[in-house]
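K.L.:
Starting off with a structure, shown below.
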Number of protein chains: 2
Amino acid sequence: MAESKAPWCPVTATVEVIGGRWKPTILFQLKDRPRRFNELRRLVPGITQRMLTLQLRALEQDGIVSRTVHNTIPPHVEYSFTKKGCMLGPILDAMEAWGDAHRPRKRGRN
Amino acid sequence: MAESKAPWCPVTATVEVIGGRWKPTILFQLKDRPRRFNELRRLVPGITQRMLTLQLRALEQDGIVSRTVHNTIPPHVEYSFTKKGCMLGPILDAMEAWGDAHRPRKRGRN
DNA sequence: CTGGATCCCCGGCGATACTG
DNA sequence: CAGTATCGCCGGGGATCCAG
């Protein structure tokens, strides 16, 4: 597994990092400003606690988001974009634009 | 299933259509010009015949690509972007750009 | 509040063989 | 060349409980 061959495809590489059901949505919510764990849970409807944790860990692992722990009571954990993550902005914007343009039952045209 | 609720998220809607391991790569290869089935098979390294068929069918179903059959011998089937599919261009370009910028072992910077 | 650990099901996907 | 059919695996991901 892990296509270690193939003449290197940048698109595939990107998919490896931000692909999946949840990551784009999570990243989209993180785009504007840092978010706390439960805040993300609300902003990403339908995601389970487990999946949110897993996806955030994966994104952290790939250097897309950084995790900041405030040792307070109650605990406070903030997730924010790294520089590498910020550069995903155009992708997320383009995805938002396309999804918006092709919203079901849109009346404008089409 | 099928998040029929949630205040409508354009990013999620886009993920529903072009999400997954293969679709972005397939679409990327379709971006410049129409491609034949086996041509795509070569251009998307690692994909199986079955998956290519399934993904293409799904994309066709969602109105992203159109399938043109030339009744010749041997059979000739071409897949191309619909108008709706063309509008995915910016997303694919952004993905390519990001993947390229963060290519492992890149020397330029970072 | 954040998030780890466990249990378990379901379907995504690869492999293979067959057809027009 | 461009598919379809069938089988079987394995791991993604939901539900739930526990912990710091």
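Going through the structure tokens in order, the chains are called A, B, and so on, while each chain numbers its residues from 1 and the ligands are numbered from 1 in the order shown.
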Need the shell around range 14-18 of chain A: protein/DNA/RNA residues with any atom at most 7 Å away, counting only C-alpha atoms (C1' of nucleotides). Skip same-chain ones fewer than 2 positions apart. Format as a list in words?
P.N.:
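Here the answer would be Pro10, Val11, Thr12, Gly20, Lys23, Pro24 and Asp62 of chain A; Arg21, Met95, Trp98 and Gly99 of chain B.
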K.L.:
Please list as a ChimeraX atom specification every residue within 12 Å of DG8 in chain D, counting only C-alpha atoms (C1' of nucleotides) and excluding residues in the same chain fewer than 4 positions away.
P.N.:
/C:13-16
K.L.:
Counting only C-alpha atoms (C1' of nucleotides), give me one row per residue of chain A with an atom at most 8 Å from an atom of chain C, showing the shortest contact pair and its distance in Å to one decimal, sorted by chain then residue number, as a Markdown table.
P.N.:
| residue | atom | partner | partner_atom | distance |
| --- | --- | --- | --- | --- |
| A:Phe37 | CA | C:DT2 | C1' | 7.2 |
| A:Asn38 | CA | C:DC1 | C1' | 7.9 |
| A:Arg50 | CA | C:DG3 | C1' | 8.0 |
| A:Thr53 | CA | C:DG3 | C1' | 7.0 |
| A:Pro74 | CA | C:DC1 | C1' | 5.6 |
| A:Pro75 | CA | C:DC1 | C1' | 5.4 |
| A:His76 | CA | C:DC1 | C1' | 6.9 |
| A:Val77 | CA | C:DT2 | C1' | 7.4 |
K.L.:
Which residue gives the smallest distance to Pro45 in chain B among B:Ile26, B:Ala13, B:Ile73, B:Ala58, with only C-alpha atoms counted?
P.N.:
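Answer, going by the shortest atom-to-atom distance: B:Ile26.
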K.L.:
Would you kindly report the residues of chain D within 12 Å of chain A, using only C-alpha atoms (C1' of nucleotides), as a list in words?
P.N.:
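Interface list for chain D against chain A: DG12, DG13, DG14, DA15, DT16 and DG20 of chain D.
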K.L.:
Using DSSP on the backbone, list every residue of chain B that comes out as helix (DSSP H, G or I), and give them as an mmCIF file with N, CA and C atoms, in the first residue's frame.
P.N.:
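Everything below was put into result.cif:
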data_model
loop_
_atom_site.group_PDB
_atom_site.id
_atom_site.type_symbol
_atom_site.label_atom_id
_atom_site.label_comp_id
_atom_site.auth_asym_id
_atom_site.auth_seq_id
_atom_site.Cartn_x
_atom_site.Cartn_y
_atom_site.Cartn_z
ATOM 1 N N PRO B 10 -21.381 23.608 1.835
ATOM 2 C CA PRO B 10 -20.924 23.494 0.446
ATOM 3 C C PRO B 10 -19.686 22.611 0.320
ATOM 4 N N VAL B 11 -18.822 22.670 1.301
ATOM 5 C CA VAL B 11 -17.612 21.849 1.257
ATOM 6 C C VAL B 11 -17.986 20.375 1.317
ATOM 7 N N THR B 12 -18.884 20.040 2.224
ATOM 8 C CA THR B 12 -19.334 18.654 2.335
ATOM 9 C C THR B 12 -19.993 18.191 1.044
ATOM 10 N N ALA B 13 -20.783 19.069 0.456
ATOM 11 C CA ALA B 13 -21.450 18.730 -0.802
ATOM 12 C C ALA B 13 -20.422 18.400 -1.872
ATOM 13 N N THR B 14 -19.358 19.160 -1.906
ATOM 14 C CA THR B 14 -18.310 18.919 -2.892
ATOM 15 C C THR B 14 -17.600 17.605 -2.610
ATOM 16 N N VAL B 15 -17.335 17.351 -1.337
ATOM 17 C CA VAL B 15 -16.689 16.103 -0.951
ATOM 18 C C VAL B 15 -17.533 14.910 -1.384
ATOM 19 N N GLU B 16 -18.836 15.046 -1.247
ATOM 20 C CA GLU B 16 -19.740 13.966 -1.629
ATOM 21 C C GLU B 16 -19.559 13.588 -3.090
ATOM 22 N N VAL B 17 -19.208 14.567 -3.898
ATOM 23 C CA VAL B 17 -19.128 14.343 -5.336
ATOM 24 C C VAL B 17 -17.729 13.941 -5.815
ATOM 25 N N ILE B 18 -16.723 14.645 -5.327
ATOM 26 C CA ILE B 18 -15.378 14.365 -5.820
ATOM 27 C C ILE B 18 -14.475 13.727 -4.780
ATOM 28 N N LYS B 23 -11.260 9.633 -7.327
ATOM 29 C CA LYS B 23 -11.931 10.633 -8.157
ATOM 30 C C LYS B 23 -11.085 11.851 -8.491
ATOM 31 N N PRO B 24 -10.418 12.456 -7.531
ATOM 32 C CA PRO B 24 -9.628 13.636 -7.883
ATOM 33 C C PRO B 24 -8.573 13.339 -8.937
ATOM 34 N N THR B 25 -7.911 12.217 -8.821
ATOM 35 C CA THR B 25 -6.880 11.871 -9.796
ATOM 36 C C THR B 25 -7.482 11.623 -11.171
ATOM 37 N N ILE B 26 -8.583 10.902 -11.201
ATOM 38 C CA ILE B 26 -9.260 10.664 -12.472
ATOM 39 C C ILE B 26 -9.649 11.989 -13.117
ATOM 40 N N LEU B 27 -10.261 12.843 -12.327
ATOM 41 C CA LEU B 27 -10.710 14.129 -12.858
ATOM 42 C C LEU B 27 -9.548 14.975 -13.339
ATOM 43 N N PHE B 28 -8.465 14.856 -12.611
ATOM 44 C CA PHE B 28 -7.282 15.627 -12.997
ATOM 45 C C PHE B 28 -6.788 15.221 -14.384
ATOM 46 N N GLN B 29 -6.865 13.949 -14.664
ATOM 47 C CA GLN B 29 -6.434 13.455 -15.969
ATOM 48 C C GLN B 29 -7.441 13.791 -17.064
ATOM 49 N N LEU B 30 -8.651 14.042 -16.638
ATOM 50 C CA LEU B 30 -9.708 14.364 -17.596
ATOM 51 C C LEU B 30 -9.781 15.864 -17.876
ATOM 52 N N PHE B 37 -10.995 4.761 -21.893
ATOM 53 C CA PHE B 37 -10.975 3.967 -20.667
ATOM 54 C C PHE B 37 -9.577 3.464 -20.295
ATOM 55 N N ASN B 38 -8.977 2.748 -21.216
ATOM 56 C CA ASN B 38 -7.663 2.188 -20.918
ATOM 57 C C ASN B 38 -6.583 3.254 -20.788
ATOM 58 N N GLU B 39 -6.852 4.359 -21.410
ATOM 59 C CA GLU B 39 -5.932 5.489 -21.290
ATOM 60 C C GLU B 39 -5.927 5.975 -19.838
ATOM 61 N N LEU B 40 -7.118 6.078 -19.295
ATOM 62 C CA LEU B 40 -7.241 6.487 -17.897
ATOM 63 C C LEU B 40 -6.597 5.458 -16.973
ATOM 64 N N ARG B 41 -6.751 4.219 -17.343
ATOM 65 C CA ARG B 41 -6.157 3.170 -16.517
ATOM 66 C C ARG B 41 -4.647 3.347 -16.393
ATOM 67 N N ARG B 42 -4.060 3.754 -17.489
ATOM 68 C CA ARG B 42 -2.613 3.976 -17.462
ATOM 69 C C ARG B 42 -2.271 5.255 -16.707
ATOM 70 N N LEU B 43 -3.105 6.252 -16.872
ATOM 71 C CA LEU B 43 -2.818 7.558 -16.279
ATOM 72 C C LEU B 43 -3.067 7.599 -14.778
ATOM 73 N N GLN B 49 -9.422 -2.038 -12.718
ATOM 74 C CA GLN B 49 -10.439 -1.843 -13.742
ATOM 75 C C GLN B 49 -11.803 -1.608 -13.097
ATOM 76 N N ARG B 50 -12.064 -2.415 -12.123
ATOM 77 C CA ARG B 50 -13.341 -2.307 -11.426
ATOM 78 C C ARG B 50 -13.548 -0.932 -10.807
ATOM 79 N N MET B 51 -12.548 -0.455 -10.099
ATOM 80 C CA MET B 51 -12.680 0.840 -9.445
ATOM 81 C C MET B 51 -12.820 1.970 -10.453
ATOM 82 N N LEU B 52 -12.063 1.879 -11.520
ATOM 83 C CA LEU B 52 -12.172 2.920 -12.533
ATOM 84 C C LEU B 52 -13.592 2.978 -13.084
ATOM 85 N N THR B 53 -14.138 1.804 -13.353
ATOM 86 C CA THR B 53 -15.515 1.748 -13.832
ATOM 87 C C THR B 53 -16.477 2.351 -12.816
ATOM 88 N N LEU B 54 -16.338 1.922 -11.582
ATOM 89 C CA LEU B 54 -17.253 2.392 -10.544
ATOM 90 C C LEU B 54 -17.178 3.900 -10.355
ATOM 91 N N GLN B 55 -15.955 4.404 -10.295
ATOM 92 C CA GLN B 55 -15.792 5.840 -10.072
ATOM 93 C C GLN B 55 -16.329 6.643 -11.246
ATOM 94 N N LEU B 56 -16.058 6.158 -12.453
ATOM 95 C CA LEU B 56 -16.557 6.856 -13.635
ATOM 96 C C LEU B 56 -18.079 6.859 -13.668
ATOM 97 N N ARG B 57 -18.663 5.733 -13.302
ATOM 98 C CA ARG B 57 -20.121 5.656 -13.261
ATOM 99 C C ARG B 57 -20.679 6.661 -12.259
ATOM 100 N N ALA B 58 -20.038 6.732 -11.111
ATOM 101 C CA ALA B 58 -20.503 7.655 -10.077
ATOM 102 C C ALA B 58 -20.393 9.100 -10.551
ATOM 103 N N LEU B 59 -19.280 9.398 -11.198
ATOM 104 C CA LEU B 59 -19.075 10.764 -11.697
ATOM 105 C C LEU B 59 -20.087 11.096 -12.790
ATOM 106 N N GLU B 60 -20.374 10.084 -13.591
ATOM 107 C CA GLU B 60 -21.353 10.277 -14.650
ATOM 108 C C GLU B 60 -22.721 10.555 -14.019
ATOM 109 N N GLN B 61 -23.031 9.755 -13.003
ATOM 110 C CA GLN B 61 -24.288 9.893 -12.283
ATOM 111 C C GLN B 61 -24.458 11.293 -11.708
ATOM 112 N N LYS B 83 -20.042 20.535 -18.430
ATOM 113 C CA LYS B 83 -19.835 21.918 -18.000
ATOM 114 C C LYS B 83 -19.638 21.977 -16.484
ATOM 115 N N LYS B 84 -20.484 21.207 -15.817
ATOM 116 C CA LYS B 84 -20.397 21.140 -14.361
ATOM 117 C C LYS B 84 -19.023 20.632 -13.938
ATOM 118 N N GLY B 85 -18.528 19.669 -14.693
ATOM 119 C CA GLY B 85 -17.220 19.109 -14.380
ATOM 120 C C GLY B 85 -16.097 20.094 -14.622
ATOM 121 N N CYS B 86 -16.220 20.868 -15.678
ATOM 122 C CA CYS B 86 -15.201 21.862 -15.992
ATOM 123 C C CYS B 86 -14.986 22.817 -14.828
ATOM 124 N N GLY B 89 -12.248 22.586 -12.223
ATOM 125 C CA GLY B 89 -10.875 22.918 -12.583
ATOM 126 C C GLY B 89 -10.083 23.619 -11.491
ATOM 127 N N PRO B 90 -10.603 24.699 -10.953
ATOM 128 C CA PRO B 90 -9.867 25.429 -9.915
ATOM 129 C C PRO B 90 -9.505 24.558 -8.716
ATOM 130 N N ILE B 91 -10.415 23.658 -8.343
ATOM 131 C CA ILE B 91 -10.122 22.778 -7.214
ATOM 132 C C ILE B 91 -8.939 21.882 -7.558
ATOM 133 N N LEU B 92 -9.015 21.272 -8.740
ATOM 134 C CA LEU B 92 -7.963 20.349 -9.147
ATOM 135 C C LEU B 92 -6.630 21.076 -9.299
ATOM 136 N N ASP B 93 -6.692 22.267 -9.838
ATOM 137 C CA ASP B 93 -5.463 23.048 -9.985
ATOM 138 C C ASP B 93 -4.862 23.381 -8.623
ATOM 139 N N ALA B 94 -5.729 23.771 -7.702
ATOM 140 C CA ALA B 94 -5.252 24.118 -6.366
ATOM 141 C C ALA B 94 -4.643 22.898 -5.683
ATOM 142 N N MET B 95 -5.262 21.742 -5.896
ATOM 143 C CA MET B 95 -4.732 20.519 -5.296
ATOM 144 C C MET B 95 -3.376 20.173 -5.896
ATOM 145 N N GLU B 96 -3.286 20.333 -7.199
ATOM 146 C CA GLU B 96 -2.004 20.058 -7.848
ATOM 147 C C GLU B 96 -0.924 20.997 -7.318
ATOM 148 N N ALA B 97 -1.275 22.261 -7.220
ATOM 149 C CA ALA B 97 -0.313 23.264 -6.765
ATOM 150 C C ALA B 97 0.180 22.965 -5.352
ATOM 151 N N TRP B 98 -0.757 22.618 -4.485
ATOM 152 C CA TRP B 98 -0.373 22.362 -3.105
ATOM 153 C C TRP B 98 0.497 21.111 -3.004
ATOM 154 N N GLY B 99 0.058 20.067 -3.667
ATOM 155 C CA GLY B 99 0.824 18.825 -3.636
ATOM 156 C C GLY B 99 2.225 19.029 -4.182
ATOM 157 N N ASP B 100 2.304 19.832 -5.210
ATOM 158 C CA ASP B 100 3.594 20.098 -5.821
ATOM 159 C C ASP B 100 4.476 20.912 -4.882
ATOM 160 N N ALA B 101 3.879 21.889 -4.229
ATOM 161 C CA ALA B 101 4.639 22.757 -3.331
ATOM 162 C C ALA B 101 5.155 22.004 -2.118
#
K.L.:
Can you list, as JSON, numbers by chain, all residues belonging to chain B that DSSP tags as strand (DSSP E or B)?
P.N.:
{"B": [35, 36, 65, 66, 67, 68, 69, 70, 76, 77, 78, 79, 80, 81]}
K.L.:
For the atom pair CA of Gly63 in chain B and C1' of DG3 in chain D, what is the interatomic distance in Å to one decimal place?
P.N.:
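Taking CA of Gly63 in chain B and C1' of DG3 in chain D, their separation equals 20.3 Å.
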K.L.:
Tell me, in Å to one decimal, how far CA of Arg103 in chain A is from CA of Pro34 in chain A.
P.N.:
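Pair CA of Arg103 in chain A / CA of Pro34 in chain A returns 27.5 Å.
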K.L.:
Of the candidates B:Trp22, B:Arg36, B:Trp8, B:Pro104, which one gets nearest to Tyr79 in chain B if we count only C-alpha atoms?
P.N.:
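Comparing B:Trp22, B:Arg36, B:Trp8, B:Pro104 against Tyr79 in chain B, the winner is B:Arg36.
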K.L.:
List the neighbours of Glu78 in chain B out to 6 Å using only C-alpha atoms (C1' of nucleotides); skip same-chain residues closer than 6 positions along the sequence, and give me the result as an mmCIF file with C-alpha atoms, in the first residue's frame.
P.N.:
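The resulting file, result.cif, is reproduced below:
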data_model
loop_
_atom_site.group_PDB
_atom_site.id
_atom_site.type_symbol
_atom_site.label_atom_id
_atom_site.label_comp_id
_atom_site.auth_asym_id
_atom_site.auth_seq_id
_atom_site.Cartn_x
_atom_site.Cartn_y
_atom_site.Cartn_z
ATOM 1 C CA ARG B 35 -9.694 10.205 -22.329
ATOM 2 C CA ARG B 36 -10.452 6.662 -23.250
ATOM 3 C CA ARG B 67 -19.568 9.035 -21.540
ATOM 4 C CA THR B 68 -19.396 8.841 -25.318
#
